[in-house]
>>> print(open('input11.tsv').read())   # TSV, C-alpha atoms
chain	number	residue	atom	x	y	z
A	70	MET	CA	42.18	-8.97	1.10
A	71	GLU	CA	41.24	-5.99	-1.06
A	72	THR	CA	37.61	-6.60	-0.20
A	73	MET	CA	38.42	-6.21	3.46
A	74	SER	CA	40.24	-2.92	2.97
A	75	ALA	CA	37.37	-1.43	0.94
A	76	GLN	CA	34.79	-2.43	3.55
A	77	LYS	CA	37.05	-0.89	6.16
A	78	HIS	CA	36.70	2.52	4.51
A	79	LEU	CA	32.99	2.43	5.26
A	80	ASN	CA	33.42	0.93	8.72
A	81	HIS	CA	35.88	3.63	9.74
A	82	LYS	CA	34.65	5.69	12.70
A	83	GLN	CA	34.49	8.98	10.79
A	84	ALA	CA	32.72	7.34	7.84
A	85	GLN	CA	30.12	5.83	10.19
A	86	MET	CA	29.55	9.27	11.72
A	87	ASN	CA	29.09	10.82	8.27
A	88	ILE	CA	26.66	8.11	7.23
A	89	LEU	CA	24.66	8.56	10.41
A	90	ALA	CA	24.57	12.34	9.88
A	91	PHE	CA	23.26	11.71	6.41
A	92	TRP	CA	20.46	9.59	7.85
A	93	PHE	CA	19.46	12.56	9.98
A	94	LEU	CA	19.31	14.63	6.79
A	95	ILE	CA	17.11	11.96	5.24
A	96	GLY	CA	14.85	12.23	8.31
A	97	ALA	CA	14.54	15.98	7.68
A	98	GLU	CA	13.95	15.46	3.97
A	99	ILE	CA	11.10	13.06	4.79
A	100	VAL	CA	9.47	15.93	6.70
A	101	VAL	CA	9.94	18.30	3.72
A	102	PHE	CA	8.34	15.84	1.31
A	103	GLY	CA	5.70	14.90	3.89
A	104	CYS	CA	4.60	18.56	4.00
A	105	LEU	CA	4.50	18.76	0.21
A	106	PHE	CA	2.43	15.55	0.05
A	107	GLY	CA	0.16	16.98	2.75
A	108	ILE	CA	-0.39	20.17	0.74
A	109	TYR	CA	-1.03	18.16	-2.41
A	110	LEU	CA	-3.56	15.87	-0.73
A	111	ALA	CA	-5.28	18.84	0.91
A	112	VAL	CA	-5.84	20.76	-2.35
A	113	LYS	CA	-5.96	18.10	-5.03
A	114	SER	CA	-9.73	18.40	-5.43
A	115	LEU	CA	-9.48	22.19	-5.96
A	116	THR	CA	-9.03	22.10	-9.72
A	117	GLY	CA	-10.95	25.29	-10.57
A	118	GLN	CA	-11.04	25.91	-14.33
A	119	GLY	CA	-8.07	23.59	-14.90
A	120	PRO	CA	-7.96	19.86	-15.66
A	121	THR	CA	-8.52	17.20	-12.98
A	122	PRO	CA	-5.72	14.71	-12.17
A	123	ASP	CA	-7.63	12.06	-14.11
A	124	GLU	CA	-7.80	14.24	-17.25
A	125	LEU	CA	-4.21	15.42	-17.02
A	126	PHE	CA	-2.01	12.39	-16.33
A	127	LYS	CA	-0.84	10.01	-19.04
A	128	LEU	CA	0.03	6.87	-17.10
A	129	ASN	CA	2.00	5.14	-19.87
A	130	GLU	CA	4.66	7.82	-19.92
A	131	ILE	CA	4.81	7.97	-16.12
A	132	MET	CA	5.33	4.21	-16.09
A	133	LEU	CA	8.37	4.71	-18.33
A	134	SER	CA	9.85	7.33	-15.96
A	135	THR	CA	9.23	4.98	-13.05
A	136	VAL	CA	11.04	2.08	-14.70
A	137	VAL	CA	13.95	4.40	-15.58
A	138	LEU	CA	14.29	5.62	-12.00
A	139	LEU	CA	13.89	2.14	-10.45
A	140	THR	CA	16.58	0.84	-12.81
A	141	SER	CA	18.91	3.67	-11.83
A	142	SER	CA	18.40	2.72	-8.19
A	143	PHE	CA	19.37	-0.86	-9.03
A	144	THR	CA	22.52	0.17	-10.96
A	145	CYS	CA	23.41	2.42	-8.03
A	146	ALA	CA	23.18	-0.57	-5.66
A	147	ILE	CA	25.43	-2.57	-8.02
A	148	ALA	CA	27.90	0.33	-8.08
A	149	VAL	CA	28.08	0.29	-4.27
A	150	TYR	CA	28.59	-3.44	-4.38
A	151	PHE	CA	31.66	-2.96	-6.60
A	152	LEU	CA	32.76	-0.08	-4.40
A	153	ASN	CA	32.92	-2.54	-1.51
A	154	LEU	CA	35.03	-4.85	-3.66
A	155	SER	CA	37.41	-1.95	-4.48
A	156	LYS	CA	36.77	-2.35	-8.20
A	157	LYS	CA	37.26	1.21	-9.43
A	158	LEU	CA	36.27	0.83	-13.08
A	159	SER	CA	33.10	-1.19	-12.41
A	160	THR	CA	32.07	1.28	-9.70
A	161	LEU	CA	32.63	4.15	-12.12
A	162	LEU	CA	30.72	2.41	-14.90
A	163	PHE	CA	27.64	1.63	-12.81
A	164	PHE	CA	27.50	5.08	-11.22
A	165	LEU	CA	27.79	6.50	-14.75
A	166	ILE	CA	24.81	4.42	-15.89
A	167	THR	CA	22.96	5.64	-12.79
A	168	ILE	CA	23.45	9.32	-13.61
A	169	LEU	CA	22.62	8.76	-17.29
A	170	LEU	CA	19.32	7.16	-16.24
A	171	GLY	CA	18.82	10.10	-13.86
A	172	LEU	CA	19.29	12.50	-16.76
A	173	ALA	CA	16.83	10.47	-18.85
A	174	PHE	CA	14.31	10.76	-16.01
A	175	ILE	CA	14.76	14.54	-15.86
A	176	GLY	CA	14.35	14.73	-19.64
A	177	LEU	CA	11.09	12.75	-19.46
A	178	GLU	CA	9.82	14.98	-16.66
A	179	ILE	CA	10.62	18.18	-18.57
A	180	ARG	CA	8.82	16.79	-21.62
A	181	GLU	CA	5.81	15.85	-19.46
A	182	PHE	CA	5.61	19.33	-17.90
A	183	THR	CA	5.99	21.02	-21.31
A	184	LEU	CA	3.05	18.99	-22.63
A	185	TYR	CA	0.92	19.91	-19.63
A	186	VAL	CA	1.69	23.61	-19.99
A	187	GLU	CA	0.85	23.45	-23.71
A	188	GLU	CA	-2.52	22.00	-22.71
A	189	GLY	CA	-3.01	25.04	-20.49
A	190	ALA	CA	-2.19	23.36	-17.16
A	191	LYS	CA	0.15	25.96	-15.68
A	192	ILE	CA	1.38	26.29	-12.10
A	193	SER	CA	-1.03	29.21	-11.53
A	194	THR	CA	-4.05	27.53	-13.15
A	195	SER	CA	-5.40	25.87	-10.00
A	196	ALA	CA	-4.47	24.96	-6.44
A	197	PHE	CA	-4.13	21.32	-7.50
A	198	LEU	CA	-1.62	22.20	-10.24
A	199	GLY	CA	0.29	24.53	-7.94
A	200	ALA	CA	0.77	21.76	-5.37
A	201	PHE	CA	1.48	19.21	-8.11
A	202	TYR	CA	4.27	21.25	-9.71
A	203	LEU	CA	5.69	22.14	-6.28
A	204	LEU	CA	5.90	18.48	-5.21
A	205	LEU	CA	7.13	17.14	-8.54
A	206	GLY	CA	9.48	20.08	-9.07
A	207	THR	CA	11.08	19.58	-5.66
A	208	HIS	CA	11.60	15.91	-6.43
A	209	GLY	CA	12.94	16.68	-9.92
A	210	PHE	CA	15.36	19.20	-8.46
A	211	HIS	CA	16.58	16.53	-6.03
A	212	VAL	CA	17.25	14.20	-8.95
A	213	LEU	CA	19.16	16.97	-10.76
A	214	PHE	CA	21.17	17.70	-7.62
A	215	GLY	CA	21.95	13.98	-7.26
A	216	VAL	CA	23.17	13.81	-10.87
A	217	ILE	CA	25.50	16.79	-10.37
A	218	TRP	CA	26.71	15.53	-6.99
A	219	ILE	CA	27.49	11.99	-8.20
A	220	SER	CA	29.16	13.37	-11.36
A	221	LEU	CA	31.54	15.42	-9.22
A	222	LEU	CA	32.24	12.43	-6.97
A	223	LEU	CA	33.01	10.34	-10.04
A	224	VAL	CA	35.64	12.86	-11.16
A	225	GLN	CA	37.17	12.53	-7.70
A	226	LEU	CA	36.95	8.73	-7.89
A	227	TRP	CA	38.65	8.78	-11.30
A	228	LEU	CA	41.50	10.95	-10.04
A	229	LYS	CA	42.04	9.48	-6.58
A	230	GLY	CA	40.70	5.92	-6.75
A	231	ILE	CA	38.76	4.19	-3.97
A	232	ASN	CA	40.16	5.34	-0.63
A	233	GLN	CA	39.17	6.56	2.82
A	234	GLU	CA	38.10	9.89	1.33
A	235	THR	CA	36.09	8.82	-1.72
A	236	ALA	CA	34.43	5.56	-0.59
A	237	PRO	CA	32.20	7.03	2.18
A	238	LYS	CA	31.19	9.95	-0.06
A	239	LEU	CA	30.05	7.61	-2.82
A	240	PHE	CA	28.19	5.44	-0.34
A	241	ILE	CA	26.38	8.48	1.07
A	242	ALA	CA	25.48	9.67	-2.44
A	243	SER	CA	24.02	6.21	-3.09
A	244	LEU	CA	21.84	6.54	0.02
A	245	TYR	CA	20.60	9.87	-1.33
A	246	TRP	CA	19.83	8.29	-4.69
A	247	HIS	CA	17.82	5.44	-3.14
A	248	PHE	CA	15.98	7.98	-1.00
A	249	ILE	CA	14.96	9.91	-4.14
A	250	ASP	CA	13.68	6.64	-5.53
A	251	VAL	CA	11.65	5.96	-2.39
A	252	ILE	CA	10.05	9.41	-2.76
A	253	TRP	CA	9.28	8.67	-6.40
A	254	VAL	CA	7.53	5.42	-5.45
A	255	MET	CA	5.31	7.52	-3.13
A	256	ILE	CA	4.70	10.15	-5.85
A	257	PHE	CA	3.90	7.48	-8.43
A	258	THR	CA	1.39	5.84	-6.10
A	259	ILE	CA	-0.18	8.83	-4.33
A	260	VAL	CA	-0.19	11.38	-7.15
A	261	TYR	CA	-0.42	9.40	-10.37
A	262	LEU	CA	-2.05	6.07	-9.58
A	263	ILE	CA	-4.53	7.30	-6.97
A	264	GLY	CA	-5.18	10.34	-9.20
A	265	LYS	CA	-6.38	7.89	-11.85
A	266	VAL	CA	-8.51	5.67	-9.58
B	60	MET	CA	33.82	-7.79	-14.94
B	61	LYS	CA	34.94	-11.00	-16.64
B	62	ARG	CA	36.17	-12.89	-13.62
B	63	LEU	CA	33.42	-12.45	-11.07
B	64	ASN	CA	33.53	-15.16	-8.44
B	65	LYS	CA	30.60	-17.23	-7.23
B	66	HIS	CA	29.87	-15.07	-4.20
B	67	THR	CA	29.79	-11.89	-6.28
B	68	LYS	CA	27.35	-13.44	-8.74
B	69	LYS	CA	25.12	-14.53	-5.88
B	70	GLU	CA	25.11	-11.06	-4.31
B	71	ILE	CA	24.32	-9.39	-7.63
B	72	ARG	CA	21.55	-11.91	-8.24
B	73	LYS	CA	20.05	-10.94	-4.86
B	74	LEU	CA	20.08	-7.24	-5.78
B	75	PHE	CA	18.64	-8.10	-9.18
B	76	LEU	CA	15.79	-10.09	-7.61
B	77	SER	CA	14.90	-7.14	-5.37
B	78	PHE	CA	14.88	-4.91	-8.43
B	79	ILE	CA	12.66	-7.32	-10.41
B	80	LEU	CA	10.27	-7.57	-7.46
B	81	MET	CA	9.97	-3.76	-7.36
B	82	ILE	CA	9.32	-3.58	-11.11
B	83	LEU	CA	6.69	-6.31	-10.80
B	84	LEU	CA	4.90	-4.55	-7.95
B	85	THR	CA	4.93	-1.27	-9.90
B	86	ALA	CA	3.64	-2.97	-13.04
B	87	LEU	CA	0.91	-4.80	-11.12
B	88	ALA	CA	-0.29	-1.56	-9.47
B	89	PHE	CA	-0.15	0.14	-12.86
B	90	PHE	CA	-2.31	-2.48	-14.60
B	91	LEU	CA	-4.79	-2.71	-11.73
B	92	VAL	CA	-5.34	1.06	-12.02
B	93	LEU	CA	-5.29	1.14	-15.83
B	94	TYR	CA	-7.99	-1.50	-16.25
B	95	HIS	CA	-10.02	-0.67	-13.10
B	96	LEU	CA	-9.96	-4.32	-12.08
B	97	ILE	CA	-10.86	-3.71	-8.41
B	98	SER	CA	-13.32	-1.31	-6.74
B	99	PRO	CA	-11.71	2.05	-5.75
B	100	PRO	CA	-11.48	1.97	-1.91
B	101	PHE	CA	-9.87	-1.47	-1.85
B	102	LEU	CA	-7.68	-0.61	-4.85
B	103	ILE	CA	-6.23	2.44	-3.06
B	104	VAL	CA	-5.38	0.36	0.00
B	105	LEU	CA	-3.85	-2.34	-2.19
B	106	ILE	CA	-1.58	-0.05	-4.24
B	107	THR	CA	-0.52	1.80	-1.09
B	108	CYS	CA	0.55	-1.56	0.35
B	109	PHE	CA	2.49	-2.29	-2.85
B	110	ALA	CA	4.28	1.08	-2.46
B	111	LEU	CA	5.12	0.33	1.18
B	112	ILE	CA	6.55	-3.09	0.27
B	113	GLN	CA	8.72	-1.44	-2.39
B	114	ILE	CA	9.98	1.11	0.12
B	115	LEU	CA	10.83	-1.65	2.60
B	116	ILE	CA	12.79	-3.46	-0.13
B	117	GLN	CA	14.71	-0.26	-0.91
B	118	LEU	CA	15.49	0.40	2.75
B	119	ASP	CA	16.49	-3.16	3.53
B	120	ARG	CA	18.32	-4.27	0.39
B	121	PHE	CA	19.73	-1.04	-1.02
B	122	MET	CA	20.11	1.27	1.99
B	123	ASP	CA	21.33	-1.23	4.63
B	124	ILE	CA	18.89	-0.09	7.27
B	125	ARG	CA	19.62	-3.23	9.32
B	126	GLU	CA	23.37	-2.60	9.53
B	127	LYS	CA	24.98	-2.46	12.95
B	128	GLU	CA	24.09	0.71	14.82
B	129	GLY	CA	21.09	0.68	12.50
B	130	GLU	CA	18.85	1.73	15.37
B	131	TYR	CA	19.97	5.35	14.99
B	132	ARG	CA	19.15	5.20	11.31
B	133	LEU	CA	15.76	3.75	12.15
B	134	THR	CA	15.21	6.45	14.81
B	135	SER	CA	15.88	9.16	12.26
B	136	LEU	CA	13.67	7.45	9.70
B	137	ILE	CA	10.78	6.84	12.08
B	138	GLY	CA	11.12	10.33	13.63
B	139	GLY	CA	11.00	11.96	10.22
B	140	SER	CA	8.08	9.79	9.11
B	141	PHE	CA	6.15	10.57	12.28
B	142	VAL	CA	6.48	14.35	11.84
B	143	ALA	CA	5.66	13.99	8.13
B	144	LEU	CA	2.55	11.97	8.99
B	145	LEU	CA	1.43	14.63	11.48
B	146	ALA	CA	1.92	17.30	8.80
B	147	ILE	CA	-0.10	15.28	6.26
B	148	VAL	CA	-2.94	14.56	8.68
B	149	PHE	CA	-3.26	18.16	9.88
B	150	LEU	CA	-2.96	19.65	6.39
B	151	MET	CA	-5.75	17.36	5.25
B	152	LEU	CA	-7.90	18.35	8.23
B	153	LEU	CA	-7.56	22.07	7.38
>>> encode(input="input11.tsv", output="structure tokens")
Amino acid sequence: METMSAQKHLNHKQAQMNILAFWFLIGAEIVVFGCLFGIYLAVKSLTGQGPTPDELFKLNEIMLSTVVLLTSSFTCAIAVYFLNLSKKLSTLLFFLITILLGLAFIGLEIREFTLYVEEGAKISTSAFLGAFYLLLGTHGFHVLFGVIWISLLLVQLWLKGINQETAPKLFIASLYWHFIDVIWVMIFTIVYLIGKV
Amino acid sequence: MKRLNKHTKKEIRKLFLSFILMILLTALAFFLVLYHLISPPFLIVLITCFALIQILIQLDRFMDIREKEGEYRLTSLIGGSFVALLAIVFLMLL
């Protein structure tokens, strides 16, 4: 019976409205990232004195970041599954793993950027690098925002348990997290893999 | 966690399979690019298809795009993608 009550939180009229509103935000975010991808694709051959994508990227490390982020998306889906079952501790645990993986991803990205800058590939070096850092930085900031957001929701979950207030919020945060992952799949393919072809 | 029933295990297995499929597609694209196994134009098309399949898995399995009243979600998704595509095409034509 508990399962039913937890599902009901998400099926509640207000929760459905909130989830739909969040989908509209995702629609707008797709446009933001679409523009950044457009800029990147338009200027990626303008490397000036700086390195080309092929010279710059180290695919092995990017592969590690990708696996970390994909795994976090999976643990997030598991967390939502337990949310639907009204299992507070399991939900908490899996969201916690999700944000830890998110932090690991941010750490890897900072290390990557530091290496690039040490090699002389700064944001002002060439148009390609400017667009690259803009696109990747925007995505990285989204991950950071997601980590902070979910952390705050977890405090609320810990204090209040799974109820009509917390369940839809956590579900919406999970949508955001999967969306970030979708954007990363695009970045991994369009920026890194095609940059290496 | 100890006493998960049969249904729960099955659902988690489904999520896990989607996850493994995504990892496999990523790894396959990665190795194809790393070892230059296929000629460039076809390779780009192929890895873009892999990315699209991964996105569909995310949307369908993790983001419940097919839920009831899902058509509004799809509208928002397709609307956003359409504008994004226009932006990409025109920026590249500049």
>>> atom_distance(input="input11.tsv", atom1="atom CA of Leu136 of chain B", atom2="atom CA of Thr135 of chain A")
23.3 Å
>>> closest_residue(input="input11.tsv", among="A:Gln233, A:Thr160, A:Thr194, A:Thr140", to="chain B", atoms="all atoms listed in the file")
A:Thr140
>>> interface_residues(input="input11.tsv", of="chain B", to="chain A", cutoff="7 Å", atoms="all atoms listed in the file", output="short mmCIF file (atom, residue, chain, number, x, y, z; two decimals) with C-alpha atoms, keeping the file's coordinate frame")
data_model
loop_
_atom_site.label_atom_id
_atom_site.label_comp_id
_atom_site.auth_asym_id
_atom_site.auth_seq_id
_atom_site.Cartn_x
_atom_site.Cartn_y
_atom_site.Cartn_z
CA ILE B 71 24.32 -9.39 -7.63
CA PHE B 78 14.88 -4.91 -8.43
CA ILE B 82 9.32 -3.58 -11.11
CA VAL B 92 -5.34 1.06 -12.02
CA PRO B 99 -11.71 2.05 -5.75
CA ILE B 103 -6.23 2.44 -3.06
CA ILE B 106 -1.58 -0.05 -4.24
CA THR B 107 -0.52 1.80 -1.09
CA ALA B 110 4.28 1.08 -2.46
CA ILE B 114 9.98 1.11 0.12
CA GLN B 117 14.71 -0.26 -0.91
CA PHE B 121 19.73 -1.04 -1.02
CA MET B 122 20.11 1.27 1.99
CA ARG B 132 19.15 5.20 11.31
CA SER B 135 15.88 9.16 12.26
CA LEU B 136 13.67 7.45 9.70
CA GLY B 138 11.12 10.33 13.63
CA GLY B 139 11.00 11.96 10.22
CA SER B 140 8.08 9.79 9.11
CA VAL B 142 6.48 14.35 11.84
CA ALA B 143 5.66 13.99 8.13
CA LEU B 144 2.55 11.97 8.99
CA ALA B 146 1.92 17.30 8.80
CA ILE B 147 -0.10 15.28 6.26
CA LEU B 150 -2.96 19.65 6.39
CA MET B 151 -5.75 17.36 5.25
#
>>> axis_aligned_box(input="input11.tsv", around="segment 160-167 of chain A", padding_each_side="8 Å", output="lines of an AutoDock Vina configuration file")
center_x = 27.8
center_y = 3.9
center_z = -12.8
size_x = 25.7
size_y = 21.2
size_z = 22.2
>>> atom_distance(input="input11.tsv", atom1="atom CA of Ala200 of chain A", atom2="atom CA of Phe141 of chain B")
21.6 Å
>>> residues_around(input="input11.tsv", residues="Leu125 of chain A", least_positions_apart="3", cutoff="12 Å", atoms="all atoms listed in the file", output="ChimeraX atom specification")
/A:116,119-122,128,131,181-182,184-191,197-198,201,260-261,264-265
>>> atom_distance(input="input11.tsv", atom1="atom CA of Thr207 of chain A", atom2="atom CA of Ala236 of chain A")
27.7 Å
>>> residues_near_point(input="input11.tsv", point="(13.7, 19.7, -14.4)", cutoff="12 Å", atoms="only C-alpha atoms", output="mmCIF file with C-alpha atoms, keeping the file's coordinate frame")
data_model
loop_
_atom_site.group_PDB
_atom_site.id
_atom_site.type_symbol
_atom_site.label_atom_id
_atom_site.label_comp_id
_atom_site.auth_asym_id
_atom_site.auth_seq_id
_atom_site.Cartn_x
_atom_site.Cartn_y
_atom_site.Cartn_z
ATOM 1 C CA GLY A 171 18.820 10.100 -13.860
ATOM 2 C CA LEU A 172 19.290 12.500 -16.760
ATOM 3 C CA ALA A 173 16.830 10.470 -18.850
ATOM 4 C CA PHE A 174 14.310 10.760 -16.010
ATOM 5 C CA ILE A 175 14.760 14.540 -15.860
ATOM 6 C CA GLY A 176 14.350 14.730 -19.640
ATOM 7 C CA LEU A 177 11.090 12.750 -19.460
ATOM 8 C CA GLU A 178 9.820 14.980 -16.660
ATOM 9 C CA ILE A 179 10.620 18.180 -18.570
ATOM 10 C CA ARG A 180 8.820 16.790 -21.620
ATOM 11 C CA GLU A 181 5.810 15.850 -19.460
ATOM 12 C CA PHE A 182 5.610 19.330 -17.900
ATOM 13 C CA THR A 183 5.990 21.020 -21.310
ATOM 14 C CA TYR A 202 4.270 21.250 -9.710
ATOM 15 C CA LEU A 203 5.690 22.140 -6.280
ATOM 16 C CA LEU A 205 7.130 17.140 -8.540
ATOM 17 C CA GLY A 206 9.480 20.080 -9.070
ATOM 18 C CA THR A 207 11.080 19.580 -5.660
ATOM 19 C CA HIS A 208 11.600 15.910 -6.430
ATOM 20 C CA GLY A 209 12.940 16.680 -9.920
ATOM 21 C CA PHE A 210 15.360 19.200 -8.460
ATOM 22 C CA HIS A 211 16.580 16.530 -6.030
ATOM 23 C CA VAL A 212 17.250 14.200 -8.950
ATOM 24 C CA LEU A 213 19.160 16.970 -10.760
ATOM 25 C CA PHE A 214 21.170 17.700 -7.620
ATOM 26 C CA VAL A 216 23.170 13.810 -10.870
#
